[in-house]
file entry34.tsv (TSV, C-alpha atoms)
chain	number	residue	atom	x	y	z
A	1	MET	CA	35.51	-6.17	1.42
A	2	HIS	CA	32.99	-7.07	4.09
A	3	TYR	CA	33.88	-7.53	7.72
A	4	PHE	CA	31.83	-8.12	10.86
A	5	LYS	CA	31.84	-7.94	14.62
A	6	ILE	CA	29.93	-10.25	16.98
A	7	ARG	CA	27.93	-9.21	20.00
A	8	MET	CA	26.39	-11.52	22.64
A	9	ILE	CA	23.51	-10.65	24.96
A	10	VAL	CA	22.45	-12.74	27.95
A	11	ASN	CA	19.18	-12.32	29.86
A	12	ASN	CA	18.01	-13.73	33.19
A	13	HIS	CA	16.44	-16.81	31.58
A	14	SER	CA	19.77	-18.14	30.25
A	15	ASN	CA	18.88	-17.22	26.66
A	16	PHE	CA	21.94	-16.57	24.52
A	17	TYR	CA	21.62	-14.44	21.41
A	18	LEU	CA	24.30	-14.27	18.75
A	19	ASP	CA	23.78	-10.98	16.97
A	20	TYR	CA	25.98	-10.61	13.89
A	21	ASN	CA	26.28	-7.04	12.63
A	22	PHE	CA	27.72	-6.90	9.16
A	23	PHE	CA	29.29	-3.61	8.24
A	24	MET	CA	29.36	-2.64	4.58
A	25	SER	CA	31.03	0.19	2.77
A	26	LYS	CA	28.12	2.65	3.05
A	27	LYS	CA	25.40	0.91	5.02
A	28	ILE	CA	24.92	-1.52	7.92
A	29	LYS	CA	22.80	-4.60	7.52
A	30	ALA	CA	21.85	-6.82	10.51
A	31	ARG	CA	21.45	-10.50	9.85
A	32	GLN	CA	20.99	-13.70	11.76
A	33	ILE	CA	23.53	-16.34	10.93
A	34	LYS	CA	22.96	-20.06	11.11
A	35	VAL	CA	25.52	-22.40	12.55
A	36	LYS	CA	27.17	-24.32	9.71
A	37	LYS	CA	26.85	-28.06	9.74
A	38	SER	CA	30.05	-29.75	10.74
A	39	LYS	CA	31.87	-31.62	7.99
A	40	GLY	CA	33.01	-35.18	7.97
A	41	SER	CA	31.35	-38.55	8.27
A	42	LYS	CA	29.18	-39.30	11.28
A	43	PRO	CA	27.25	-42.25	12.68
A	44	ASP	CA	23.49	-42.26	12.13
A	45	PRO	CA	22.65	-38.50	12.34
A	46	ASN	CA	19.07	-39.14	13.42
A	47	VAL	CA	19.92	-41.15	16.52
A	48	LEU	CA	21.94	-40.00	19.52
A	49	ASN	CA	23.68	-42.12	22.10
A	50	ALA	CA	22.78	-40.48	25.42
A	51	ASN	CA	26.27	-41.23	26.75
A	52	ASP	CA	27.82	-39.01	24.07
A	53	PHE	CA	26.93	-35.89	26.05
A	54	THR	CA	26.93	-35.59	29.81
A	55	SER	CA	25.34	-32.86	31.90
A	56	SER	CA	28.82	-31.63	32.78
A	57	GLN	CA	29.59	-31.17	29.08
A	58	VAL	CA	26.40	-29.24	28.53
A	59	SER	CA	27.08	-26.92	31.46
A	60	ASN	CA	30.88	-26.83	31.53
A	61	ASN	CA	32.10	-27.54	28.02
A	62	ILE	CA	31.65	-23.86	27.26
A	63	ILE	CA	32.62	-20.75	29.15
A	64	SER	CA	30.79	-20.14	32.40
A	65	GLU	CA	27.40	-18.41	32.12
A	66	ASN	CA	28.48	-16.22	35.03
A	67	LYS	CA	31.57	-15.16	33.13
A	68	ILE	CA	29.48	-14.27	30.08
A	69	GLU	CA	27.12	-12.21	32.20
A	70	LYS	CA	30.08	-10.43	33.82
A	71	ASP	CA	31.69	-9.71	30.46
A	72	VAL	CA	28.44	-8.31	29.08
A	73	ALA	CA	27.89	-6.19	32.20
A	74	GLU	CA	31.39	-4.76	31.77
A	75	ASN	CA	30.78	-4.31	28.03
A	76	LYS	CA	33.55	-6.72	27.14
A	77	LYS	CA	33.66	-8.48	23.79
A	78	LEU	CA	33.74	-12.27	23.73
A	79	ASN	CA	36.83	-13.71	22.14
A	80	LYS	CA	36.89	-16.16	19.26
A	81	SER	CA	37.35	-19.17	21.54
A	82	GLU	CA	34.34	-18.24	23.64
A	83	LEU	CA	32.13	-17.78	20.58
A	84	ASN	CA	33.24	-21.10	19.15
A	85	SER	CA	32.33	-22.75	22.46
A	86	VAL	CA	28.80	-21.34	22.27
A	87	LYS	CA	28.41	-22.55	18.68
A	88	LYS	CA	29.61	-25.99	19.73
A	89	LEU	CA	27.05	-26.14	22.53
A	90	ILE	CA	24.24	-25.26	20.13
A	91	LYS	CA	25.29	-28.18	17.91
A	92	GLU	CA	25.30	-30.49	20.94
A	93	ILE	CA	21.81	-29.38	21.94
A	94	LYS	CA	20.51	-30.15	18.44
A	95	LYS	CA	21.85	-33.68	18.83
A	96	LEU	CA	20.37	-34.02	22.32
A	97	ASN	CA	16.94	-33.17	20.90
A	98	ARG	CA	17.05	-36.06	18.42
A	99	PRO	CA	15.79	-39.56	19.36
A	100	HIS	CA	18.28	-41.36	21.60
A	101	LYS	CA	19.39	-44.94	21.09
A	102	ALA	CA	17.25	-47.37	23.08
A	103	SER	CA	20.37	-49.24	24.18
A	104	SER	CA	21.76	-46.12	25.86
A	105	VAL	CA	18.76	-45.29	28.07
A	106	SER	CA	16.78	-46.98	30.83
A	107	SER	CA	13.96	-49.34	29.91
A	108	CYS	CA	10.41	-48.58	31.02
A	109	ASN	CA	9.82	-49.48	34.67
A	110	LEU	CA	6.35	-48.21	35.59
A	111	ASN	CA	4.51	-49.72	38.52
A	112	GLU	CA	0.93	-50.90	38.08
A	113	ASN	CA	-0.66	-47.69	39.42
A	114	GLU	CA	1.74	-45.33	37.60
A	115	ILE	CA	0.91	-43.90	34.18
A	116	ILE	CA	3.82	-41.45	33.61
A	117	LYS	CA	7.21	-41.15	35.29
A	118	LEU	CA	9.86	-38.50	34.60
A	119	ALA	CA	13.38	-39.05	35.93
A	120	ASN	CA	15.94	-36.22	35.86
A	121	VAL	CA	14.40	-34.70	32.73
A	122	GLU	CA	16.20	-31.80	31.06
A	123	LYS	CA	14.91	-29.85	28.09
A	124	TYR	CA	16.94	-27.51	25.92
A	125	ALA	CA	15.68	-25.57	22.91
A	126	THR	CA	17.64	-23.90	20.14
A	127	ASN	CA	16.93	-22.29	16.79
A	128	GLY	CA	20.55	-22.20	15.65
A	129	TYR	CA	21.55	-18.87	17.13
A	130	GLN	CA	19.76	-18.99	20.50
A	131	PHE	CA	19.46	-21.69	23.13
A	132	THR	CA	17.37	-21.97	26.28
A	133	HIS	CA	17.61	-24.39	29.20
A	134	ILE	CA	13.88	-24.80	29.92
A	135	LEU	CA	13.46	-27.83	32.21
A	136	LYS	CA	16.10	-28.60	34.83
A	137	GLY	CA	16.21	-31.99	36.54
A	138	ILE	CA	12.48	-32.77	36.65
A	139	ASP	CA	11.45	-35.82	38.69
A	140	LEU	CA	7.71	-36.50	38.63
A	141	THR	CA	5.29	-39.43	38.78
A	142	ILE	CA	1.66	-39.25	37.64
A	143	TYR	CA	-0.70	-41.95	38.92
A	144	LYS	CA	-3.70	-43.50	37.16
A	145	GLY	CA	-6.97	-41.67	37.74
A	146	GLU	CA	-5.38	-38.55	39.25
A	147	PHE	CA	-6.61	-35.00	38.70
A	148	VAL	CA	-3.40	-32.94	38.57
A	149	VAL	CA	-3.10	-29.16	38.19
A	150	ILE	CA	0.22	-27.55	37.21
A	151	ILE	CA	0.73	-23.86	37.99
A	152	GLY	CA	3.58	-21.39	37.65
A	153	PRO	CA	4.40	-17.93	36.31
A	154	SER	CA	4.76	-17.22	32.60
A	155	GLY	CA	8.06	-18.52	31.27
A	156	SER	CA	8.50	-21.01	34.12
A	157	GLY	CA	8.41	-24.06	31.84
A	158	LYS	CA	4.97	-25.44	32.70
A	159	THR	CA	3.78	-25.64	29.08
A	160	THR	CA	7.05	-27.32	28.05
A	161	LEU	CA	6.54	-29.80	30.89
A	162	LEU	CA	3.05	-30.49	29.51
A	163	THR	CA	4.48	-31.17	26.04
A	164	ILE	CA	6.85	-33.76	27.54
A	165	LEU	CA	4.11	-35.39	29.63
A	166	SER	CA	1.74	-35.55	26.64
A	167	ALA	CA	4.32	-36.91	24.15
A	168	LEU	CA	4.15	-33.80	22.00
A	169	ASP	CA	7.93	-33.67	22.42
A	170	ARG	CA	10.72	-35.75	23.91
A	171	PRO	CA	13.22	-34.75	26.63
A	172	SER	CA	16.75	-33.65	25.76
A	173	LYS	CA	18.08	-35.72	28.66
A	174	GLY	CA	16.60	-38.02	31.29
A	175	ASP	CA	13.76	-40.53	31.07
A	176	CYS	CA	10.05	-40.15	30.32
A	177	PHE	CA	8.29	-43.48	30.83
A	178	MET	CA	4.73	-43.91	29.58
A	179	PHE	CA	2.77	-46.78	28.01
A	180	ASP	CA	5.73	-49.20	28.07
A	181	LYS	CA	7.98	-46.75	26.23
A	182	ASN	CA	10.76	-44.31	27.04
A	183	THR	CA	9.75	-41.35	24.89
A	184	ILE	CA	13.30	-40.02	24.59
A	185	THR	CA	13.91	-42.89	22.11
A	186	LEU	CA	10.84	-42.23	19.92
A	187	ASN	CA	10.81	-40.42	16.59
A	188	GLN	CA	8.00	-38.07	15.54
A	189	SER	CA	5.96	-40.82	13.91
A	190	GLU	CA	6.14	-42.98	17.04
A	191	LEU	CA	5.22	-40.03	19.28
A	192	THR	CA	2.21	-39.30	17.05
A	193	LYS	CA	1.04	-42.91	17.28
A	194	MET	CA	1.33	-42.83	21.08
A	195	ARG	CA	-0.76	-39.65	21.27
A	196	ALA	CA	-3.37	-41.06	18.89
A	197	ASN	CA	-3.79	-44.20	20.99
A	198	HIS	CA	-3.57	-42.82	24.52
A	199	VAL	CA	-3.81	-39.01	24.76
A	200	GLY	CA	-6.53	-36.38	24.50
A	201	TYR	CA	-5.57	-32.71	24.35
A	202	ILE	CA	-7.64	-29.57	24.96
A	203	PHE	CA	-6.19	-26.18	24.07
A	204	GLN	CA	-7.19	-22.67	25.07
A	205	GLN	CA	-8.26	-22.05	21.48
A	206	TYR	CA	-10.96	-24.51	20.47
A	207	GLY	CA	-9.71	-25.32	16.96
A	208	LEU	CA	-13.14	-26.34	15.64
A	209	LEU	CA	-13.93	-26.54	11.92
A	210	GLN	CA	-16.40	-23.69	11.69
A	211	ASN	CA	-18.34	-25.03	8.68
A	212	LEU	CA	-19.05	-28.38	10.31
A	213	SER	CA	-21.66	-29.29	12.89
A	214	VAL	CA	-20.97	-30.16	16.51
A	215	GLU	CA	-21.49	-33.81	15.69
A	216	ASP	CA	-19.11	-33.81	12.73
A	217	ASN	CA	-16.36	-31.99	14.62
A	218	VAL	CA	-16.36	-34.76	17.21
A	219	LYS	CA	-16.62	-37.56	14.63
A	220	ILE	CA	-13.41	-36.38	12.94
A	221	ALA	CA	-11.42	-37.16	16.08
A	222	ALA	CA	-13.22	-40.50	16.47
A	223	ASN	CA	-11.91	-41.65	13.09
A	224	ILE	CA	-8.24	-40.79	13.70
A	225	THR	CA	-7.35	-43.98	15.58
A	226	LYS	CA	-8.02	-47.12	13.55
A	227	ASP	CA	-7.02	-49.73	16.12
A	228	ALA	CA	-8.95	-48.36	19.12
A	229	LYS	CA	-12.56	-48.87	18.04
A	230	ALA	CA	-13.38	-50.88	21.14
A	231	LYS	CA	-12.24	-48.01	23.35
A	232	LYS	CA	-14.29	-45.26	21.70
A	233	LEU	CA	-17.17	-43.74	23.61
A	234	ASP	CA	-20.69	-43.48	22.22
A	235	LEU	CA	-21.09	-40.06	20.58
A	236	ASP	CA	-24.64	-39.36	21.75
A	237	THR	CA	-23.86	-40.43	25.32
A	238	LEU	CA	-20.84	-38.15	25.36
A	239	LEU	CA	-22.77	-35.15	23.99
A	240	LYS	CA	-25.50	-35.70	26.57
A	241	SER	CA	-22.94	-35.77	29.38
A	242	VAL	CA	-21.79	-32.23	28.51
A	243	GLY	CA	-25.23	-30.84	27.63
A	244	LEU	CA	-24.69	-30.65	23.88
A	245	TYR	CA	-26.98	-33.38	22.57
A	246	GLU	CA	-29.71	-30.93	21.54
A	247	LEU	CA	-27.09	-28.87	19.67
A	248	LYS	CA	-25.36	-31.68	17.81
A	249	LYS	CA	-26.61	-30.48	14.39
A	250	ARG	CA	-25.69	-26.84	15.03
A	251	GLN	CA	-22.82	-25.38	13.03
A	252	ALA	CA	-19.70	-24.64	15.06
A	253	SER	CA	-19.69	-20.99	13.96
A	254	ASN	CA	-22.99	-20.48	15.83
A	255	LEU	CA	-21.74	-21.66	19.23
A	256	SER	CA	-20.83	-19.57	22.27
A	257	GLY	CA	-17.31	-19.78	23.74
A	258	GLY	CA	-18.39	-22.16	26.49
A	259	GLN	CA	-20.26	-24.40	24.04
A	260	ALA	CA	-17.29	-24.47	21.66
A	261	GLN	CA	-14.95	-25.53	24.46
A	262	ARG	CA	-17.36	-28.32	25.43
A	263	VAL	CA	-17.24	-29.55	21.84
A	264	ALA	CA	-13.43	-29.49	22.06
A	265	ILE	CA	-13.65	-31.56	25.25
A	266	CYS	CA	-15.91	-34.12	23.52
A	267	ARG	CA	-13.52	-34.24	20.59
A	268	ALA	CA	-10.66	-35.08	22.95
A	269	LEU	CA	-12.75	-37.66	24.84
A	270	ILE	CA	-14.43	-39.54	21.99
A	271	LYS	CA	-11.51	-41.97	21.61
A	272	ASN	CA	-11.60	-42.57	25.40
A	273	PRO	CA	-7.97	-41.54	26.07
A	274	ASP	CA	-6.02	-42.79	29.06
A	275	ILE	CA	-4.90	-39.23	29.84
A	276	LEU	CA	-6.63	-35.92	29.14
A	277	PHE	CA	-4.42	-32.82	28.99
A	278	GLY	CA	-5.65	-29.24	29.19
A	279	ASP	CA	-3.46	-26.24	28.34
A	280	GLU	CA	-5.33	-23.25	29.82
A	281	PRO	CA	-8.67	-24.87	28.83
A	282	THR	CA	-10.69	-22.07	30.49
A	283	GLY	CA	-8.43	-19.19	29.49
A	284	ALA	CA	-10.74	-17.90	26.76
A	285	VAL	CA	-14.13	-18.15	28.51
A	286	HIS	CA	-15.98	-16.25	31.25
A	287	ILE	CA	-16.46	-17.42	34.85
A	288	ASN	CA	-19.80	-19.20	34.30
A	289	ALA	CA	-18.37	-21.15	31.36
A	290	THR	CA	-15.28	-21.94	33.45
A	291	LYS	CA	-17.51	-23.48	36.13
A	292	GLU	CA	-19.35	-25.59	33.54
A	293	ILE	CA	-16.12	-26.80	31.96
A	294	MET	CA	-14.48	-27.69	35.27
A	295	ASN	CA	-17.60	-29.62	36.33
A	296	ILE	CA	-17.25	-31.59	33.09
A	297	PHE	CA	-13.59	-32.36	33.87
A	298	LEU	CA	-14.54	-33.60	37.33
A	299	LYS	CA	-17.35	-35.72	35.88
A	300	ILE	CA	-14.98	-37.23	33.31
A	301	ASN	CA	-12.41	-38.00	35.99
A	302	LYS	CA	-15.01	-39.72	38.17
A	303	THR	CA	-17.05	-41.51	35.47
A	304	PHE	CA	-14.32	-42.74	33.10
A	305	LYS	CA	-11.40	-42.84	35.60
A	306	THR	CA	-9.48	-40.70	33.12
A	307	THR	CA	-6.21	-39.21	34.36
A	308	ILE	CA	-6.44	-35.42	33.94
A	309	ILE	CA	-3.52	-32.98	33.84
A	310	ILE	CA	-4.25	-29.26	33.49
A	311	VAL	CA	-1.89	-26.29	33.16
A	312	THR	CA	-3.43	-23.02	34.28
A	313	HIS	CA	-2.82	-19.51	35.62
A	314	ASN	CA	-6.15	-19.69	37.48
A	315	ASN	CA	-5.28	-20.57	41.09
A	316	ALA	CA	-8.95	-21.25	41.89
A	317	ILE	CA	-8.76	-24.40	39.75
A	318	THR	CA	-6.08	-25.85	42.04
A	319	GLN	CA	-8.76	-26.31	44.71
A	320	LEU	CA	-10.39	-29.00	42.52
A	321	ALA	CA	-7.22	-31.06	42.12
A	322	ASP	CA	-6.04	-34.25	43.80
A	323	ARG	CA	-2.49	-32.96	43.46
A	324	ILE	CA	-0.94	-29.56	42.83
A	325	ILE	CA	2.43	-29.04	41.15
A	326	LYS	CA	4.17	-25.68	41.01
A	327	ILE	CA	7.04	-25.03	38.61
A	328	GLU	CA	9.39	-22.05	38.70
A	329	SER	CA	12.43	-21.36	36.50
A	330	GLY	CA	12.27	-24.86	35.02
A	331	LYS	CA	12.20	-26.68	38.38
A	332	ILE	CA	9.39	-28.21	40.44
A	333	THR	CA	9.26	-26.19	43.66
A	334	GLN	CA	6.06	-27.69	45.09
A	335	ASN	CA	4.40	-31.07	44.59
A	336	PHE	CA	1.73	-32.00	47.12
A	337	LYS	CA	-1.65	-33.66	47.55
A	338	ASN	CA	-4.61	-31.36	48.10
A	339	PRO	CA	-5.90	-32.09	51.62
A	340	ASN	CA	-9.07	-29.99	51.19
A	341	ARG	CA	-10.38	-30.74	47.73
A	342	LYS	CA	-13.48	-28.66	46.91
A	343	THR	CA	-16.34	-28.83	44.44
A	344	VAL	CA	-16.91	-26.17	41.79
A	345	GLU	CA	-19.78	-24.72	43.83
A	346	GLU	CA	-17.62	-24.34	46.96
A	347	ILE	CA	-14.95	-22.22	45.28
A	348	ASP	CA	-14.99	-18.42	45.35
A	349	TRP	CA	-14.25	-17.82	41.65
A	350	ALA	CA	-14.20	-14.04	42.07
A	351	LEU	CA	-10.84	-14.12	43.89
call {"tool": "encode", "arguments": {"input": "entry34.tsv", "output": "structure tokens"}}
result
Amino acid sequence: MHYFKIRMIVNNHSNFYLDYNFFMSKKIKARQIKVKKSKGSKPDPNVLNANDFTSSQVSNNIISENKIEKDVAENKKLNKSELNSVKKLIKEIKKLNRPHKASSVSSCNLNENEIIKLANVEKYATNGYQFTHILKGIDLTIYKGEFVVIIGPSGSGKTTLLTILSALDRPSKGDCFMFDKNTITLNQSELTKMRANHVGYIFQQYGLLQNLSVEDNVKIAANITKDAKAKKLDLDTLLKSVGLYELKKRQASNLSGGQAQRVAICRALIKNPDILFGDEPTGAVHINATKEIMNIFLKINKTFKTTIIIVTHNNAITQLADRIIKIESGKITQNFKNPNRKTVEEIDWAL
């Protein structure tokens, strides 16, 4: 007959791990266990009424995090009631991460010069046996034509914040208003359509198709959005603006790192997005390529009036921004306009 004991570990980032150790007659086998789906009939499982779960339920409907930490520090075992409370919270988080009913959330209320507004945004993540409270009460407004840089230590939540701002994901709680929608109500298909019509994204890794030319890599992105033909930029003009026109027939596998990132920038820009996001866009290139790429961002911001939001560990890049946002432990700790904005040439990149 098999039996088991349950052990819980808590770290400083509020991550909870359920580690089930199954003891057998002659050997021990560690397994991860998934939370069983609750039985019984339910309303539409794909849509959540935001009023079903309040912040007090999320934080207080289970045993106190401080109590868990104390019990672990004293090497105490959690009782059955405490473990059931944790399992219940994980189920609640899964529901919070589904699309919310439009009738239960605020309608979009952006002003004319605002392009994104977050109001009391919370983000939880769970994989069934672990949950993390990543974003905690985020209030933020992004204005049209701004150049915004987001900084923060690893694990602070800045990349998760970028996924919410760019409609790659929806909040668990709170409001994210953009393009006449509250993204917390949108399903994956609707989020994808919003990104296709309004958002350009540049990653640290270029993601080019190595067997295609520079020209063809950019054309692929140009053909994604069917109903935005009038918005699209001219391919040759775009390549000339980043110094790639002479290389447009060159295969992607024969490009340098800086050239490949410029192709990735063109690919993101060809549909003329309203917002351009960069997740460590200079993280994989040397200083000279970083300067070239940042000059391109500044040129795009000035020429096309494109709103630009960049996440980076490179503090030198903050000197180029209109506004600097710092996030720590899932909260915005600084949000201010840059009073002494510099050009690329004025920055000491060696620091």
call {"tool": "closest_residue", "arguments": {"input": "entry34.tsv", "among": "A:Cys266, A:Leu255, A:Ala221, A:Ala321", "to": "Lys240 (chain A)", "atoms": "only C-alpha atoms"}}
result
A:Cys266
call {"tool": "atom_distance", "arguments": {"input": "entry34.tsv", "atom1": "CA of Ser106 (chain A)", "atom2": "CA of Thr307 (chain A)"}}
result
24.5 Å
call {"tool": "atom_distance", "arguments": {"input": "entry34.tsv", "atom1": "CA of Asp180 (chain A)", "atom2": "CA of Leu276 (chain A)"}}
result
18.2 Å
call {"tool": "residues_around", "arguments": {"input": "entry34.tsv", "residues": "region 188-191 of chain A", "least_positions_apart": "4", "cutoff": "9 Å", "atoms": "only C-alpha atoms", "output": "list of chain:residue names"}}
result
A:Pro99, A:Ala167, A:Leu168, A:Asp169, A:Arg170, A:Thr183, A:Arg195, A:Ala196
call {"tool": "residues_around", "arguments": {"input": "entry34.tsv", "residues": "Gly330 (chain A)", "least_positions_apart": "3", "cutoff": "10 Å", "atoms": "all atoms listed in the file", "output": "list in words"}}
result
His13, Glu122, Lys123, His133, Ile134, Leu135, Lys136, Gly137, Ile138, Gly152, Gly155, Ser156, Gly157, Lys158, Thr160, Leu161, Ile327 and Thr333 of chain A
call {"tool": "closest_atom_pairs", "arguments": {"input": "entry34.tsv", "of": "region 229-299 of chain A", "to": "region 334-344 of chain A", "cutoff": "9 Å", "atoms": "all atoms listed in the file", "output": "Markdown table"}}
result
| residue | atom | partner | partner_atom | distance |
| --- | --- | --- | --- | --- |
| A:Lys291 | CA | A:Val344 | CA | 6.3 |
| A:Glu292 | CA | A:Val344 | CA | 8.6 |
| A:Met294 | CA | A:Val344 | CA | 7.1 |
| A:Asn295 | CA | A:Val344 | CA | 6.5 |
| A:Leu298 | CA | A:Thr343 | CA | 8.7 |
call {"tool": "atom_distance", "arguments": {"input": "entry34.tsv", "atom1": "CA of His286 (chain A)", "atom2": "CA of Ile265 (chain A)"}}
result
16.6 Å
call {"tool": "residues_near_point", "arguments": {"input": "entry34.tsv", "point": "(13.7, -29.7, 25.7)", "cutoff": "6 Å", "atoms": "all atoms listed in the file", "output": "ChimeraX atom specification"}}
result
/A:123-125,171-172
call {"tool": "closest_residue", "arguments": {"input": "entry34.tsv", "among": "A:Ile275, A:Val218, A:Ile310, A:Met194", "to": "Lys248 (chain A)", "atoms": "all atoms listed in the file"}}
result
A:Val218
call {"tool": "closest_residue", "arguments": {"input": "entry34.tsv", "among": "A:Gln259, A:Asn211, A:Thr290, A:Asn111", "to": "Trp349 (chain A)", "atoms": "all atoms listed in the file"}}
result
A:Thr290
call {"tool": "residues_near_point", "arguments": {"input": "entry34.tsv", "point": "(-3.2, -43.5, 36.6)", "cutoff": "6 Å", "atoms": "all atoms listed in the file", "output": "ChimeraX atom specification"}}
result
/A:113-115,143-145,307
call {"tool": "closest_residue", "arguments": {"input": "entry34.tsv", "among": "A:Ala252, A:Ser329, A:Lys181, A:Leu233", "to": "Gln210 (chain A)", "atoms": "all atoms listed in the file"}}
result
A:Ala252
call {"tool": "residues_around", "arguments": {"input": "entry34.tsv", "residues": "Asn301 (chain A)", "least_positions_apart": "5", "cutoff": "9 Å", "atoms": "all atoms listed in the file", "output": "ChimeraX atom specification"}}
result
/A:145-147,296,306-308
call {"tool": "residues_around", "arguments": {"input": "entry34.tsv", "residues": "Tyr245 (chain A)", "least_positions_apart": "3", "cutoff": "10 Å", "atoms": "only C-alpha atoms", "output": "ChimeraX atom specification"}}
result
/A:214-215,235-242,248-249
call {"tool": "closest_residue", "arguments": {"input": "entry34.tsv", "among": "A:Thr141, A:Gln251, A:Glu280, A:Lys88", "to": "Ile325 (chain A)", "atoms": "only C-alpha atoms"}}
result
A:Thr141
